[in-house]
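**Student:** Next comes upload.cif, mmCIF, C-alpha atoms and all ligand atoms:
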data_upload
#
loop_
_atom_site.label_atom_id
_atom_site.label_comp_id
_atom_site.auth_asym_id
_atom_site.auth_seq_id
_atom_site.Cartn_x
_atom_site.Cartn_y
_atom_site.Cartn_z
CA MET A 1 -11.23 -2.51 10.04
CA GLY A 2 -11.54 -1.52 13.65
CA ASP A 3 -14.86 -0.38 15.09
CA CYS A 4 -13.28 2.77 16.41
CA GLY A 5 -16.34 4.87 17.05
CA TYR A 6 -15.02 7.58 14.75
CA GLY A 7 -17.23 6.57 11.85
CA CYS A 8 -14.18 5.32 9.99
CA GLY A 9 -12.44 2.01 9.41
CA VAL A 10 -8.96 2.26 10.83
CA THR A 11 -6.26 0.03 12.22
CA PRO A 12 -5.98 -0.37 16.02
CA GLU A 13 -2.75 1.68 15.93
CA VAL A 14 -4.50 4.63 14.24
CA GLU A 15 -7.55 4.20 16.46
CA HIS A 16 -5.32 4.60 19.53
CA LEU A 17 -3.76 7.71 18.01
CA LEU A 18 -7.19 9.20 17.27
CA ARG A 19 -8.29 8.64 20.85
CA GLU A 20 -5.16 10.38 22.17
CA LEU A 21 -5.75 13.28 19.80
CA ASP A 22 -9.37 13.55 20.86
CA GLU A 23 -8.28 13.84 24.47
CA ALA A 24 -5.73 16.47 23.48
CA ARG A 25 -8.51 18.28 21.60
CA ARG A 26 -10.73 18.37 24.67
CA GLY A 27 -7.84 19.77 26.74
CA ALA A 28 -7.08 22.37 24.09
CA LEU A 29 -10.78 23.36 23.89
CA LYS A 30 -10.71 24.28 27.56
CA LYS A 31 -7.77 26.59 26.90
CA LEU A 32 -9.46 28.01 23.80
CA ASP A 33 -12.46 29.03 25.90
CA GLY A 34 -10.25 31.70 27.39
CA LEU A 35 -9.39 33.16 23.96
CA SER A 36 -11.32 35.74 21.97
CA GLU A 37 -13.46 34.70 18.98
CA GLU A 38 -10.95 36.32 16.63
CA ASP A 39 -8.04 34.33 18.05
CA ALA A 40 -10.02 31.16 17.64
CA ARG A 41 -10.73 31.94 13.96
CA ARG A 42 -7.06 32.49 13.13
CA GLY A 43 -5.89 28.97 12.36
CA THR A 44 -7.43 25.88 10.84
CA VAL A 45 -6.63 23.90 13.96
CA SER A 46 -8.41 26.40 16.18
CA CYS A 47 -11.42 26.42 13.85
CA ARG A 48 -11.55 22.65 13.77
CA LEU A 49 -11.25 22.52 17.52
CA ARG A 50 -14.15 24.96 17.92
CA LYS A 51 -16.30 22.96 15.49
CA GLY A 52 -15.42 19.75 17.28
CA GLU A 53 -13.97 18.13 14.14
CA PRO A 54 -11.25 15.49 14.54
CA LEU A 55 -7.75 16.94 14.16
CA VAL A 56 -6.57 14.18 11.85
CA ASP A 57 -8.23 12.39 8.97
CA SER A 58 -8.46 8.62 8.75
CA PRO A 59 -5.90 7.11 6.29
CA GLY A 60 -8.69 6.70 3.73
CA GLU A 61 -9.72 10.36 3.98
CA MET A 62 -6.12 11.52 3.85
CA TRP A 63 -5.43 9.52 0.67
CA ASP A 64 -8.81 10.49 -0.82
CA ARG A 65 -7.84 14.13 -0.52
CA ARG A 66 -4.38 13.54 -1.89
CA PHE A 67 -5.61 11.66 -4.96
CA ALA A 68 -8.37 14.24 -5.55
CA GLU A 69 -5.95 17.17 -5.34
CA GLN A 70 -2.80 15.81 -7.04
CA ALA A 71 -2.31 13.78 -10.19
CA TRP A 72 -0.71 10.45 -9.23
CA PRO A 73 1.86 8.81 -11.55
CA THR A 74 0.33 6.60 -14.20
CA ASP A 75 3.45 4.74 -15.40
CA PRO A 76 3.86 1.24 -13.97
CA ASP A 77 6.87 0.52 -11.78
CA PRO A 78 9.72 -0.25 -14.23
CA TYR A 79 11.13 -3.11 -12.14
CA LEU A 80 7.74 -4.73 -11.82
CA VAL A 81 7.48 -4.51 -15.61
CA GLU A 82 10.93 -6.13 -15.93
CA LEU A 83 10.17 -8.96 -13.50
CA ALA A 84 6.53 -9.69 -14.35
CA SER A 85 6.75 -9.38 -18.16
CA PRO A 86 8.03 -12.97 -18.68
CA LEU A 87 5.11 -14.42 -16.67
CA PRO A 88 1.97 -15.74 -18.31
CA SER A 89 -1.03 -13.63 -17.32
CA GLY A 90 -2.93 -14.84 -14.28
CA ARG A 91 -4.63 -13.50 -11.16
CA GLY A 92 -2.96 -10.54 -9.47
CA LEU A 93 -3.52 -8.75 -6.18
CA ASP A 94 -2.40 -5.14 -5.60
CA LEU A 95 -2.42 -4.20 -1.89
CA GLY A 96 -2.69 -0.43 -1.32
CA ALA A 97 -3.15 -0.05 -5.07
CA GLY A 98 -4.16 3.64 -5.07
CA PRO A 99 -5.16 4.77 -8.58
CA GLY A 100 -3.79 1.49 -9.85
CA ARG A 101 -0.85 2.30 -12.11
CA ASN A 102 0.66 -1.19 -11.68
CA SER A 103 -2.64 -3.06 -11.85
CA LEU A 104 -3.74 -1.17 -14.95
CA TRP A 105 -0.57 -2.14 -16.79
CA LEU A 106 -0.98 -5.80 -15.77
CA ALA A 107 -4.69 -5.77 -16.65
CA ALA A 108 -3.83 -4.40 -20.11
CA GLU A 109 -1.45 -7.39 -20.41
CA GLY A 110 -4.35 -9.75 -19.75
CA TRP A 111 -4.12 -10.15 -15.97
CA ASP A 112 -7.22 -10.40 -13.84
CA MET A 113 -6.40 -7.82 -11.14
CA THR A 114 -7.88 -7.24 -7.67
CA LEU A 115 -7.06 -3.86 -6.09
CA VAL A 116 -7.44 -3.35 -2.35
CA ASP A 117 -7.30 0.16 -0.90
CA VAL A 118 -8.81 2.34 1.83
CA SER A 119 -9.14 5.24 -0.60
CA ARG A 120 -12.45 5.25 -2.48
CA VAL A 121 -11.16 8.12 -4.65
CA GLY A 122 -8.03 6.17 -5.65
CA LEU A 123 -10.07 3.09 -6.53
CA ASP A 124 -12.59 5.16 -8.53
CA GLN A 125 -9.71 6.67 -10.50
CA ALA A 126 -8.42 3.15 -11.23
CA LEU A 127 -11.87 1.96 -12.34
CA MET A 128 -12.29 4.96 -14.64
CA ALA A 129 -8.82 4.48 -16.15
CA ALA A 130 -9.60 0.80 -16.80
CA VAL A 131 -12.57 1.62 -19.08
CA PRO A 132 -10.65 2.84 -22.16
CA LEU A 133 -8.21 -0.06 -21.73
CA ALA A 134 -11.13 -2.53 -21.70
CA ALA A 135 -9.20 -3.95 -18.75
CA ARG A 136 -10.62 -6.29 -16.16
CA ILE A 137 -10.08 -5.06 -12.62
CA THR A 138 -11.90 -5.64 -9.32
CA ALA A 139 -11.75 -2.81 -6.77
CA VAL A 140 -12.10 -3.69 -3.09
CA HIS A 141 -12.57 -0.79 -0.68
CA ALA A 142 -11.04 -2.26 2.48
CA ASP A 143 -8.26 -2.03 5.03
CA MET A 144 -5.56 -4.47 3.96
CA TYR A 145 -4.81 -5.37 7.59
CA HIS A 146 -8.26 -6.90 7.89
CA TRP A 147 -9.22 -7.98 4.38
CA ARG A 148 -8.90 -11.66 3.45
CA PRO A 149 -9.15 -12.99 -0.10
CA GLU A 150 -11.84 -15.60 -0.70
CA LYS A 151 -9.23 -17.90 -2.20
CA ALA A 152 -5.49 -17.66 -1.55
CA ASP A 153 -4.59 -18.48 -5.14
CA PHE A 154 -3.04 -15.33 -6.60
CA ASP A 155 -0.18 -15.73 -9.10
CA LEU A 156 1.27 -12.32 -8.21
CA VAL A 157 0.88 -9.98 -5.24
CA ILE A 158 2.16 -6.38 -5.36
CA VAL A 159 3.07 -4.27 -2.34
CA ALA A 160 4.29 -1.01 -3.91
CA ASN A 161 5.27 2.14 -2.09
CA LEU A 162 3.63 1.32 1.23
CA HIS A 163 5.75 2.45 4.17
CA PRO A 164 3.89 1.47 7.32
CA GLY A 165 6.91 0.90 9.58
CA PRO A 166 8.98 -2.28 9.99
CA ASP A 167 6.58 -4.30 12.17
CA ALA A 168 3.50 -3.48 10.15
CA LEU A 169 5.39 -4.14 6.90
CA ALA A 170 6.13 -7.68 8.07
CA VAL A 171 2.40 -8.14 8.80
CA ILE A 172 1.41 -6.91 5.33
CA LEU A 173 4.01 -9.10 3.62
CA ALA A 174 2.87 -12.15 5.59
CA ARG A 175 -0.69 -11.51 4.38
CA ALA A 176 0.58 -11.02 0.85
CA ALA A 177 2.47 -14.33 1.01
CA HIS A 178 -0.60 -16.08 2.36
CA ALA A 179 -2.63 -14.87 -0.65
CA LEU A 180 -0.20 -16.49 -3.12
CA ARG A 181 -0.68 -19.89 -4.70
CA PRO A 182 2.37 -22.22 -4.55
CA GLY A 183 4.67 -21.01 -7.32
CA GLY A 184 3.23 -17.47 -7.16
CA HIS A 185 5.35 -14.31 -6.83
CA LEU A 186 5.50 -11.33 -4.48
CA TYR A 187 6.81 -7.95 -5.64
CA VAL A 188 7.71 -5.32 -3.01
CA VAL A 189 9.15 -1.86 -3.62
CA GLY A 190 9.66 1.19 -1.41
CA HIS A 191 11.68 4.38 -1.11
CA HIS A 192 15.24 4.01 0.19
CA MET A 193 16.02 5.72 3.48
CA ASP A 194 19.15 7.39 2.11
CA ASN A 195 17.63 9.45 -0.70
CA PRO A 196 19.10 12.95 -0.32
CA ARG A 197 15.70 14.58 -0.86
CA ARG A 198 13.36 12.16 0.77
CA HIS A 199 10.28 10.91 -1.01
CA GLY A 200 7.61 9.13 0.91
CA PRO A 201 7.04 9.48 4.65
CA THR A 202 9.08 11.94 6.68
CA ASP A 203 9.61 9.36 9.45
CA PRO A 204 12.90 7.60 8.44
CA SER A 205 11.95 4.45 10.34
CA ARG A 206 9.25 3.87 7.72
CA LEU A 207 11.65 4.04 4.78
CA PHE A 208 13.44 1.00 3.34
CA THR A 209 16.94 -0.40 3.33
CA ALA A 210 17.78 -3.80 1.86
CA GLU A 211 18.36 -5.13 5.40
CA ARG A 212 14.99 -3.87 6.62
CA LEU A 213 13.16 -5.36 3.68
CA ARG A 214 14.95 -8.69 4.06
CA ALA A 215 14.00 -8.77 7.76
CA ALA A 216 10.33 -8.15 6.90
CA MET A 217 10.13 -10.81 4.15
CA PRO A 218 8.06 -13.88 5.05
CA ALA A 219 10.23 -16.88 5.90
CA ASP A 220 8.14 -19.21 3.73
CA LEU A 221 9.07 -17.39 0.51
CA THR A 222 12.23 -17.82 -1.54
CA VAL A 223 13.76 -14.39 -2.17
CA ASP A 224 14.95 -14.30 -5.79
CA VAL A 225 15.87 -10.60 -5.97
CA LEU A 226 16.61 -8.12 -3.19
CA ASP A 227 18.18 -4.98 -4.53
CA THR A 228 18.62 -1.22 -4.33
CA ARG A 229 18.12 0.51 -7.68
CA ARG A 230 17.69 3.96 -9.16
CA ARG A 231 14.23 4.95 -10.32
CA ALA A 232 13.27 7.97 -12.41
CA PHE A 233 10.52 9.71 -10.52
CA SER A 234 7.76 11.81 -12.01
CA SER A 235 4.60 12.74 -10.20
CA GLY A 236 1.88 14.24 -12.40
CA ARG A 237 3.07 17.65 -13.58
CA CYS A 238 5.95 17.60 -11.14
CA GLU A 239 9.31 16.15 -12.26
CA ARG A 240 11.50 15.12 -9.33
CA PRO A 241 15.12 13.99 -9.19
CA ASP A 242 15.82 10.27 -9.52
CA GLU A 243 15.77 8.35 -6.31
CA SER A 244 16.81 4.99 -4.93
CA VAL A 245 14.29 2.30 -4.22
CA VAL A 246 14.63 -1.05 -2.50
CA LEU A 247 12.81 -3.93 -4.15
CA ALA A 248 12.25 -7.62 -3.65
CA TRP A 249 10.89 -10.38 -5.87
CA ALA A 250 10.10 -13.62 -4.07
CA THR A 251 8.46 -16.93 -4.91
CA LYS A 252 6.23 -19.17 -2.83
CA PRO A 253 7.72 -22.64 -3.19
CA SER A 254 5.54 -25.20 -4.91
CA ALA A 255 4.16 -27.87 -2.57
CA PRO A 256 6.85 -30.50 -1.98
CA CYS A 257 6.35 -33.46 -4.25
CA SER A 258 5.96 -36.64 -2.26
CA THR A 259 4.66 -39.09 -4.84
CA HIS A 260 6.64 -41.27 -7.26
CA ARG A 261 4.62 -39.67 -10.10
CA CYS A 262 6.38 -36.30 -9.84
CA SER A 263 9.70 -37.39 -8.38
CA GLY A 264 10.24 -39.87 -11.20
CA LEU A 265 11.21 -42.49 -8.61
CA PRO A 266 9.55 -45.88 -8.48
CA PRO A 267 7.04 -46.37 -5.62
CA GLU A 268 8.53 -47.95 -2.51
C1 LIG B 1 1.89 5.81 -1.61
S1 LIG B 1 0.33 5.18 -2.12
C2 LIG B 1 0.86 3.85 -3.19
C3 LIG B 1 -0.15 3.56 -4.28
C4 LIG B 1 0.32 2.49 -5.27
N1 LIG B 1 0.69 1.25 -4.62
C5 LIG B 1 1.45 2.99 -6.13
O1 LIG B 1 2.58 2.51 -5.98
O2 LIG B 1 1.19 3.89 -6.93
C6 LIG B 1 -0.22 4.28 -0.66
C7 LIG B 1 -1.60 3.66 -0.83
O3 LIG B 1 -1.86 2.77 0.26
C8 LIG B 1 -3.22 2.93 0.64
N2 LIG B 1 -3.36 2.48 2.03
C9 LIG B 1 -2.76 3.00 3.13
N3 LIG B 1 -3.11 2.30 4.22
C10 LIG B 1 -3.95 1.31 3.80
C11 LIG B 1 -4.63 0.26 4.46
N4 LIG B 1 -4.53 0.09 5.77
N5 LIG B 1 -5.39 -0.58 3.71
C12 LIG B 1 -5.52 -0.40 2.37
N6 LIG B 1 -4.89 0.60 1.69
C13 LIG B 1 -4.10 1.44 2.40
C14 LIG B 1 -3.50 4.41 0.44
O4 LIG B 1 -4.87 4.70 0.34
C15 LIG B 1 -2.73 4.67 -0.86
O5 LIG B 1 -3.55 4.41 -1.98
#
Would it be possible to restate this file's structure as structure tokens?
Ligand SMILES: C[S@@+](CC[C@H](N)C(=O)[O-])C[C@H]1O[C@@H](n2cnc3c(N)ncnc32)[C@H](O)[C@@H]1O

**Tutor:**
Amino acid sequence: MGDCGYGCGVTPEVEHLLRELDEARRGALKKLDGLSEEDARRGTVSCRLRKGEPLVDSPGEMWDRRFAEQAWPTDPDPYLVELASPLPSGRGLDLGAGPGRNSLWLAAEGWDMTLVDVSRVGLDQALMAAVPLAARITAVHADMYHWRPEKADFDLVIVANLHPGPDALAVILARAAHALRPGGHLYVVGHHMDNPRRHGPTDPSRLFTAERLRAAMPADLTVDVLDTRRRAFSSGRCERPDESVVLAWATKPSAPCSTHRCSGLPPE
């Protein structure tokens, strides 16, 4: 995480944004000085400006508040269930896991799951939900852009519903691919750009199409599935219309076999 001087761990991109906003805040404060106390009390922004609080939260704080205020879905992603069910249990990594709906399902199936997230609240919810399942999960409170696994030997890496923008997505997927052992699998899913009522970020450039996801997939993986599918969507108490998602399932090729032992050929 960047040492941004804001008392928070953020990516360089967000750090830059925070600096710009701080400058804007200082400019706005000068203007506010000319307003009456009552005017300044009217809006949250004015109040925050007067108190000198940052105008935006770090991603961790933003997601902490969201998970604390709204129930997050608990059902695992149905296409992950379809694709991962035939696999023997192994070591799994869930990047941006949130409250861990996918990891909790895998852990209940015998997987040893590591969850990485900037939201302490999301991770705590995952840890609490793991107790009644007697499930084994490891929660890592970290920024996925900076975190490195001790050993890059995961059998499955999940990147579910993260929409950081095309360039950053390629960075995350490259890290995910790096964390896989040869023969391991990567699962990616995100909201389709063309949903009539958009879920996910409001910025369309962050939403997925099959072409965008293909372009962001690491070149060293074999893409087995790249598809647009319908997904029933329920969020806590709130039922929403079905939506389209774009998903990919890819495999890290096993190390090429160069010896006569595995090729079956006699030694030269
Ligand atoms: C839309 S939620 C998805 C949660 C989960 N993958 C799921 O499908 O239910 C996005 C998650 O990504 C996490 N996140 C966002 N930026 C992150 C970063 N730079 N490093 C780690 N986690 C991050 C958020 O805290 C949040 O939990």

**Student:** Go through the chains and note each residue within 7 Å of ligand LIG 1 (chain B), using only C-alpha atoms and all ligand atoms, then give the set as a tab-separated table (two decimals) with C-alpha atoms, in the coordinates of the input.

**Tutor:**
chain	number	residue	atom	x	y	z
A	11	THR	CA	-6.26	0.03	12.22
A	59	PRO	CA	-5.90	7.11	6.29
A	60	GLY	CA	-8.69	6.70	3.73
A	63	TRP	CA	-5.43	9.52	0.67
A	73	PRO	CA	1.86	8.81	-11.55
A	95	LEU	CA	-2.42	-4.20	-1.89
A	96	GLY	CA	-2.69	-0.43	-1.32
A	97	ALA	CA	-3.15	-0.05	-5.07
A	98	GLY	CA	-4.16	3.64	-5.07
A	99	PRO	CA	-5.16	4.77	-8.58
A	100	GLY	CA	-3.79	1.49	-9.85
A	101	ARG	CA	-0.85	2.30	-12.11
A	102	ASN	CA	0.66	-1.19	-11.68
A	116	VAL	CA	-7.44	-3.35	-2.35
A	117	ASP	CA	-7.30	0.16	-0.90
A	118	VAL	CA	-8.81	2.34	1.83
A	119	SER	CA	-9.14	5.24	-0.60
A	122	GLY	CA	-8.03	6.17	-5.65
A	142	ALA	CA	-11.04	-2.26	2.48
A	143	ASP	CA	-8.26	-2.03	5.03
A	144	MET	CA	-5.56	-4.47	3.96
A	145	TYR	CA	-4.81	-5.37	7.59
A	159	VAL	CA	3.07	-4.27	-2.34
A	160	ALA	CA	4.29	-1.01	-3.91
A	161	ASN	CA	5.27	2.14	-2.09
A	162	LEU	CA	3.63	1.32	1.23

**Student:** Separation of atom CA of Gly110 of chain A and atom CA of Thr74 of chain A, in Å?

**Tutor:**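 Going from atom CA of Gly110 of chain A over to atom CA of Thr74 of chain A, I get 17.9 Å.
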
**Student:** How many Å lie between atom CA of Asp227 of chain A and atom CA of Ser244 of chain A, rounded to one decimal?

**Tutor:** 10.1 Å

**Student:** Provide the atom CA of Pro149 of chain A to atom CA of Leu127 of chain A distance in Å, to one decimal place.

**Tutor:**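 Spanning atom CA of Pro149 of chain A to atom CA of Leu127 of chain A is a straight-line distance of 19.5 Å.
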
**Student:** Any idea what's packed within 7 Å of Leu115 of chain A, counting all atoms listed in the file, ignoring anything in its chain fewer than 3 positions away? Could you give it as a list of chain:residue names?

**Tutor:**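 Result of the neighbour search: A:Leu93, A:Asp94, A:Leu95, A:Ala97, A:Thr138, A:Ala139, A:Val140.
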
**Student:** Can you pull out the residues contacting His191 of chain A? Cut-off 6 Å, using all atoms listed in the file, and skip same-chain residues under 5 positions away; I want them as a count of residues only.

**Tutor:** 3

**Student:** Using all atoms listed in the file, which residues sit within 7 Å of Arg181 of chain A once same-chain residues fewer than 5 positions away are excluded, as a ChimeraX atom specification?

**Tutor:** /A:152-155

**Student:** For a cut-off of 12 Å around (15.6, -7.6, 1.2), file coordinates, pick out all residues using only C-alpha atoms and list them as JSON, numbers by chain.

**Tutor:** {"A": [170, 173, 187, 188, 189, 190, 192, 208, 209, 210, 211, 212, 213, 214, 215, 216, 217, 218, 219, 221, 222, 223, 224, 225, 226, 227, 228, 245, 246, 247, 248, 249, 250]}

**Student:** Near Ala84 of chain A, counting all atoms listed in the file, which residues have an atom at most 9 Å away, once you skip same-chain residues fewer than 6 positions from it, shown as a PDB file with C-alpha atoms, in the frame of the given file?

**Tutor:**
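What follows is the written file around13.pdb:
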ATOM      1  CA  LEU A 106      -0.980  -5.800 -15.770  1.00  0.00           C
ATOM      2  CA  LEU A 156       1.270 -12.320  -8.210  1.00  0.00           C
ATOM      3  CA  HIS A 185       5.350 -14.310  -6.830  1.00  0.00           C
ATOM      4  CA  TYR A 187       6.810  -7.950  -5.640  1.00  0.00           C
TER       5      TYR A 187
END

**Student:** Pick from A:Asp194, A:Asp220, A:Glu82, A:Asp124: nearest to Arg175 of chain A, with all atoms listed in the file counted?

**Tutor:**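 Nearest candidate to Arg175 of chain A out of A:Asp194, A:Asp220, A:Glu82, A:Asp124: A:Asp220.
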
**Student:** Box along x, y and z, 6 Å on every side, all listed atoms of segment 140-144 of chain A inside: centre and edge lengths in Å to one decimal, as AutoDock Vina command-line options.

**Tutor:**
--center_x -9.1 --center_y -2.6 --center_z 1.0 --size_x 19.0 --size_y 15.7 --size_z 20.1
